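Colleague: I have a structure here, written as structure tokens, and I will follow up with some questions on it.
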Amino acid sequence: MKILNIIKYKFVFLVISGTLLVASVAAVGYFGLKPGIDFSGGVAWQLQFTEKVPTREELASLFPSSIVTPQDGGQFLIRMQELIDADRQKSFDSLEKSYGPIEELQFQNIGPAVGEDLKQKAIWAFALVLLAISLYVAFAFRKVSKPVSSWKYGIITLVTLFHDALIPAGLFAVLGHFFHLEVDTNFVVAILVVIGFSVHDTIVVFDRIRENLRLSGGDKADFNGLVNTSINQTLARSINTSLTLILTLIALYFLGPATLQYFILMILVGTAFGTYSSIFVASPLLTLWRGKA
């Protein structure tokens, strides 16, 4: 198998990642993430029309300032800031009169205080997971102190995880601005799934570097070459493992339930960039940080 000299072109890959990161941060900062009712409070009303199915535009005109999402089988999810019980029953009766029998699948009313509490917990969960993973990596590589200190493995892992989480977040900020896509608890779960997959892939490469350092008998003169060899030794495994997941996610995106479509999209994008960062970001950063402990 041909050996790819990835380390030789590390600045090209790092510039690509840096550009995407800056664009993602700018998108999140400028557009912001559009919070769903899980975080901002509001009403989620899911209805199923069995006889005559209205269009999204018809429902949107009946519920101004709401977001109407068509789903499979004549179902619609209507999200709005507020709907008191009297208006809910009145609207339900009016819809049945126009479109025939309707089944109410769910009605969730989340208060602003609950939404704010969920948002704070999500931020804490994200921060604690990143901190715990970084500390674990630094601890696991504590016996590999040269030519790169073990704590730098932890810091680089933290950087790559931010990379893998921020780029999909930037995409969702753009989709939220142009297509009213909201982020909810599914978004947080997807971010954590991406982080879990990404760190696994990164540790595989780091572990091979550690093993090759041991086998070299302490010869660390050609650290760049050793890192490049380690990447190539794990390249097929990383790509094949990711491809099996990506193909599954693509199938789920097109054939799975509409309610999980954006959740799957988040994991799909995060997985792709997580694989990229494990190969083209994490290991090249190790070579840049060499000898500066």
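Just remember, in the structure tokens the first chain shown is A, the second B, etc., residues are 1-based per chain, and ligands are 1-based in the order shown.
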Using only C-alpha atoms, find each residue in segment 163-190 of chain A having at least one atom no more than 12 Å away from segment 30-33 of chain A; report its shortest atom-to-atom pair and that distance in Å (one decimal), rows by chain then rising number, as a tab-separated table.

Modeller:
```
residue	atom	partner	partner_atom	distance
A:Leu166	CA	A:Leu33	CA	11.6
A:Pro168	CA	A:Leu33	CA	11.3
A:Ala169	CA	A:Leu33	CA	7.8
A:Gly170	CA	A:Leu33	CA	8.4
A:Leu171	CA	A:Leu33	CA	9.7
A:Phe172	CA	A:Leu33	CA	7.0
A:Ala173	CA	A:Leu33	CA	4.9
A:Val174	CA	A:Phe31	CA	6.8
A:Leu175	CA	A:Leu33	CA	9.1
A:Gly176	CA	A:Leu33	CA	6.6
A:His177	CA	A:Phe31	CA	6.2
A:Phe178	CA	A:Phe31	CA	9.5
A:Phe179	CA	A:Leu33	CA	11.9
A:His180	CA	A:Leu33	CA	9.8
A:Leu181	CA	A:Leu33	CA	8.7
A:Glu182	CA	A:Leu33	CA	7.2
A:Val183	CA	A:Leu33	CA	6.8
A:Asp184	CA	A:Leu33	CA	10.0
A:Phe187	CA	A:Leu33	CA	10.6
```

Colleague: Report the residues of segment 107-206 of chain A whose backbone DSSP state falls under helix (DSSP H, G or I), written as a PyMOL selection string.

Modeller: chain A and resi 112-140+150-179+185-206

Colleague: Could you pull the residues within 10 Å of segment 95-107 of chain A, counting only C-alpha atoms, minus those fewer than 2 positions along the same chain, as a list in words?

Modeller: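 What passes the distance filter is Val43, Ala44, Trp45, Gln46, Leu47, Gln48, Phe49, Thr50, Glu51, Lys52, Val53, Pro54, Leu59, Leu62, Gly74, Gln75, Phe76, Leu77, Ile78, Arg79, Arg88, Gln89, Lys90, Ser91, Phe92, Asp93, Asn109 and Ile110 of chain A.
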
Colleague: Mind giving me the straight-line distance from atom CA of Ala26 of chain A to atom CA of Asp201 of chain A in Å, one decimal?

Modeller: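 Atom CA of Asp201 of chain A lies at a distance of 27.3 Å from atom CA of Ala26 of chain A.
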
Colleague: What are the DSSP strand (DSSP E) residues of segment 67-180 of chain A, as a CSV table (one decimal) with N, CA and C atoms, in the first residue's frame?

Modeller:
```csv
chain,number,residue,atom,x,y,z
A,67,ILE,N,-44.3,27.3,13.6
A,67,ILE,CA,-43.4,26.6,12.7
A,67,ILE,C,-44.1,25.3,12.4
A,68,VAL,N,-44.5,25.0,11.2
A,68,VAL,CA,-45.3,23.8,10.9
A,68,VAL,C,-44.3,22.9,10.1
A,69,THR,N,-44.1,21.7,10.6
A,69,THR,CA,-43.2,20.7,10.0
A,69,THR,C,-44.0,19.5,9.5
A,70,PRO,N,-44.1,19.3,8.2
A,70,PRO,CA,-44.8,18.1,7.7
A,70,PRO,C,-44.0,16.8,8.1
A,75,GLN,N,-49.0,13.4,9.0
A,75,GLN,CA,-48.7,14.0,10.4
A,75,GLN,C,-48.1,15.4,10.2
A,76,PHE,N,-48.3,16.3,11.2
A,76,PHE,CA,-47.7,17.6,11.2
A,76,PHE,C,-47.3,17.9,12.6
A,77,LEU,N,-46.2,18.5,12.8
A,77,LEU,CA,-45.7,19.0,14.1
A,77,LEU,C,-45.8,20.5,14.0
A,78,ILE,N,-46.6,21.1,14.9
A,78,ILE,CA,-46.8,22.5,15.0
A,78,ILE,C,-46.2,23.1,16.2
A,79,ARG,N,-45.2,24.0,16.1
A,79,ARG,CA,-44.6,24.5,17.3
A,79,ARG,C,-44.9,26.0,17.3
A,80,MET,N,-45.2,26.4,18.5
A,80,MET,CA,-45.6,27.8,18.7
A,80,MET,C,-45.2,28.2,20.1
A,102,ILE,N,-59.3,13.9,13.2
A,102,ILE,CA,-57.8,14.1,13.4
A,102,ILE,C,-57.5,13.4,14.7
A,103,GLU,N,-56.3,12.9,14.7
A,103,GLU,CA,-55.7,12.2,16.0
A,103,GLU,C,-54.6,13.1,16.5
A,104,GLU,N,-54.8,13.4,17.8
A,104,GLU,CA,-53.8,14.2,18.5
A,104,GLU,C,-52.7,13.3,19.0
A,105,LEU,N,-51.5,13.3,18.5
A,105,LEU,CA,-50.4,12.4,18.8
A,105,LEU,C,-49.7,12.8,20.1
A,106,GLN,N,-49.5,14.1,20.2
A,106,GLN,CA,-48.8,14.7,21.4
A,106,GLN,C,-49.1,16.1,21.5
A,107,PHE,N,-49.0,16.6,22.8
A,107,PHE,CA,-49.1,18.0,23.0
A,107,PHE,C,-48.2,18.3,24.2
A,108,GLN,N,-47.1,19.0,23.9
A,108,GLN,CA,-46.2,19.4,25.0
A,108,GLN,C,-46.2,20.9,25.2
A,109,ASN,N,-46.2,21.2,26.5
A,109,ASN,CA,-46.2,22.6,26.8
A,109,ASN,C,-45.1,22.8,27.8
A,110,ILE,N,-44.0,23.4,27.4
A,110,ILE,CA,-42.8,23.6,28.2
A,110,ILE,C,-42.6,25.0,28.6
```

Colleague: Between atom CA of Arg237 of chain A and atom CA of Phe162 of chain A, what is the distance in Å, rounded to a tenth?

Modeller: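 Atom CA of Arg237 of chain A sits 23.1 Å away from atom CA of Phe162 of chain A.
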
Colleague: Using only C-alpha atoms, pick whichever of A:Arg56, A:Lys10, A:His163, A:Lys143 has the shortest atom-to-atom distance to Val269 of chain A.

Modeller: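 Between A:Arg56, A:Lys10, A:His163, A:Lys143, the residue approaching Val269 of chain A most closely is A:His163.
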
Colleague: Please indicate the distance in Å from atom CA of Asp85 of chain A to atom CA of Glu116 of chain A, rounded to one decimal place.

Modeller: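 These atoms are spaced 23.3 Å apart.
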
Colleague: Pick out the residues sitting within 10 Å of Leu131 of chain A, and hand them over as a ChimeraX atom specification; count only C-alpha atoms, and ignore anything fewer than 6 positions along from it in its own chain.

Modeller: /A:125,154-155,158

Colleague: May I have the residues from that selection written out with N, CA and C atoms, as an mmCIF file, in the first residue's frame?

Modeller:
```cif
data_model
loop_
_atom_site.group_PDB
_atom_site.id
_atom_site.type_symbol
_atom_site.label_atom_id
_atom_site.label_comp_id
_atom_site.auth_asym_id
_atom_site.auth_seq_id
_atom_site.Cartn_x
_atom_site.Cartn_y
_atom_site.Cartn_z
ATOM 1 N N ALA A 125 -23.232 19.689 30.556
ATOM 2 C CA ALA A 125 -22.944 18.327 30.091
ATOM 3 C C ALA A 125 -21.858 18.354 29.024
ATOM 4 N N GLY A 154 -3.874 15.445 25.653
ATOM 5 C CA GLY A 154 -5.196 15.827 26.148
ATOM 6 C C GLY A 154 -5.689 17.135 25.559
ATOM 7 N N ILE A 155 -4.796 18.131 25.474
ATOM 8 C CA ILE A 155 -5.182 19.437 24.918
ATOM 9 C C ILE A 155 -5.538 19.308 23.433
ATOM 10 N N LEU A 158 -8.849 17.835 23.037
ATOM 11 C CA LEU A 158 -9.874 18.844 23.319
ATOM 12 C C LEU A 158 -10.099 19.743 22.103
#
```

Colleague: Which residue is closest to Leu161 of chain A? Choose from A:Phe63, A:Trp124, A:Phe280, A:Phe273 and count only C-alpha atoms.

Modeller: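 Under the stated criterion, the closest residue is A:Phe273.
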
Colleague: Residues near Ile156 of chain A, anyone? I mean within 10 Å using only C-alpha atoms, not counting same-chain ones fewer than 4 positions away, as a PDB file with N, CA, C and O atoms, in the first residue's frame.

Modeller:
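The resulting part24.pdb:
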```
ATOM      1  N   SER A 134     -10.549  14.891  27.971  1.00  0.00           N
ATOM      2  CA  SER A 134      -9.189  15.430  27.873  1.00  0.00           C
ATOM      3  C   SER A 134      -8.320  14.938  29.023  1.00  0.00           C
ATOM      4  O   SER A 134      -7.157  14.560  28.831  1.00  0.00           O
ATOM      5  N   VAL A 137      -7.452  11.237  28.478  1.00  0.00           N
ATOM      6  CA  VAL A 137      -6.403  11.042  27.454  1.00  0.00           C
ATOM      7  C   VAL A 137      -5.034  11.410  28.030  1.00  0.00           C
ATOM      8  O   VAL A 137      -4.040  10.683  27.832  1.00  0.00           O
ATOM      9  N   ALA A 138      -4.971  12.541  28.751  1.00  0.00           N
ATOM     10  CA  ALA A 138      -3.700  12.948  29.356  1.00  0.00           C
ATOM     11  C   ALA A 138      -3.215  11.888  30.344  1.00  0.00           C
ATOM     12  O   ALA A 138      -2.016  11.576  30.409  1.00  0.00           O
ATOM     13  N   TRP A 151       0.154  15.727  28.657  1.00  0.00           N
ATOM     14  CA  TRP A 151      -0.948  16.682  28.766  1.00  0.00           C
ATOM     15  C   TRP A 151      -1.271  17.324  27.419  1.00  0.00           C
ATOM     16  O   TRP A 151      -2.399  17.762  27.173  1.00  0.00           O
ATOM     17  N   LYS A 152      -0.272  17.335  26.512  1.00  0.00           N
ATOM     18  CA  LYS A 152      -0.538  17.905  25.185  1.00  0.00           C
ATOM     19  C   LYS A 152      -1.443  16.993  24.352  1.00  0.00           C
ATOM     20  O   LYS A 152      -2.206  17.464  23.521  1.00  0.00           O
ATOM     21  N   THR A 160      -9.503  19.063  18.910  1.00  0.00           N
ATOM     22  CA  THR A 160     -10.149  18.341  17.798  1.00  0.00           C
ATOM     23  C   THR A 160     -11.635  18.089  18.094  1.00  0.00           C
ATOM     24  O   THR A 160     -12.456  18.105  17.183  1.00  0.00           O
ATOM     25  N   LEU A 161     -11.971  17.862  19.361  1.00  0.00           N
ATOM     26  CA  LEU A 161     -13.387  17.662  19.692  1.00  0.00           C
ATOM     27  C   LEU A 161     -14.181  18.946  19.491  1.00  0.00           C
ATOM     28  O   LEU A 161     -15.333  18.920  19.026  1.00  0.00           O
ATOM     29  N   PHE A 162     -13.590  20.090  19.852  1.00  0.00           N
ATOM     30  CA  PHE A 162     -14.246  21.373  19.569  1.00  0.00           C
ATOM     31  C   PHE A 162     -14.445  21.525  18.056  1.00  0.00           C
ATOM     32  O   PHE A 162     -15.486  21.991  17.594  1.00  0.00           O
ATOM     33  N   THR A 202      -9.594   9.251  17.327  1.00  0.00           N
ATOM     34  CA  THR A 202      -8.340   9.956  17.628  1.00  0.00           C
ATOM     35  C   THR A 202      -7.429   9.098  18.504  1.00  0.00           C
ATOM     36  O   THR A 202      -6.211   9.034  18.285  1.00  0.00           O
ATOM     37  N   VAL A 281      -5.806  16.473  11.512  1.00  0.00           N
ATOM     38  CA  VAL A 281      -5.675  17.595  12.448  1.00  0.00           C
ATOM     39  C   VAL A 281      -4.923  17.171  13.714  1.00  0.00           C
ATOM     40  O   VAL A 281      -3.915  17.792  14.084  1.00  0.00           O
ATOM     41  N   ALA A 282      -5.419  16.124  14.389  1.00  0.00           N
ATOM     42  CA  ALA A 282      -4.857  15.766  15.693  1.00  0.00           C
ATOM     43  C   ALA A 282      -3.376  15.395  15.603  1.00  0.00           C
ATOM     44  O   ALA A 282      -2.530  15.950  16.328  1.00  0.00           O
ATOM     45  N   SER A 283      -3.055  14.473  14.718  1.00  0.00           N
ATOM     46  CA  SER A 283      -1.666  14.010  14.632  1.00  0.00           C
ATOM     47  C   SER A 283      -0.713  15.095  14.112  1.00  0.00           C
ATOM     48  O   SER A 283       0.388  15.261  14.658  1.00  0.00           O
ATOM     49  N   PRO A 284      -1.079  15.854  13.058  1.00  0.00           N
ATOM     50  CA  PRO A 284      -0.204  16.957  12.652  1.00  0.00           C
ATOM     51  C   PRO A 284       0.044  17.973  13.778  1.00  0.00           C
ATOM     52  O   PRO A 284       1.143  18.526  13.879  1.00  0.00           O
ATOM     53  N   LEU A 285      -0.970  18.210  14.631  1.00  0.00           N
ATOM     54  CA  LEU A 285      -0.751  19.141  15.742  1.00  0.00           C
ATOM     55  C   LEU A 285       0.293  18.598  16.716  1.00  0.00           C
ATOM     56  O   LEU A 285       1.053  19.365  17.310  1.00  0.00           O
ATOM     57  N   LEU A 286       0.347  17.278  16.856  1.00  0.00           N
ATOM     58  CA  LEU A 286       1.370  16.678  17.723  1.00  0.00           C
ATOM     59  C   LEU A 286       2.768  17.017  17.232  1.00  0.00           C
ATOM     60  O   LEU A 286       3.664  17.335  18.021  1.00  0.00           O
ATOM     61  N   TRP A 289       3.739  20.571  18.023  1.00  0.00           N
ATOM     62  CA  TRP A 289       3.974  20.853  19.441  1.00  0.00           C
ATOM     63  C   TRP A 289       5.174  20.099  19.996  1.00  0.00           C
ATOM     64  O   TRP A 289       5.462  20.127  21.171  1.00  0.00           O
TER      65      TRP A 289
END
```

Colleague: Go through A:Ile7, A:Leu130, A:Leu260, A:Ala190 and flag the residue nearest Ile231 of chain A, using only C-alpha atoms for the distances.

Modeller: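 Using only C-alpha atoms, Ile231 of chain A sits closest to A:Ile7.
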
Colleague: Can you pull out every residue within 12 Å of Ile123 of chain A, counting only C-alpha atoms, but drop anything in the same chain fewer than 3 positions away, and send it as a ChimeraX atom specification?

Modeller: /A:39,116-120,126-130,185,187-189,191-192
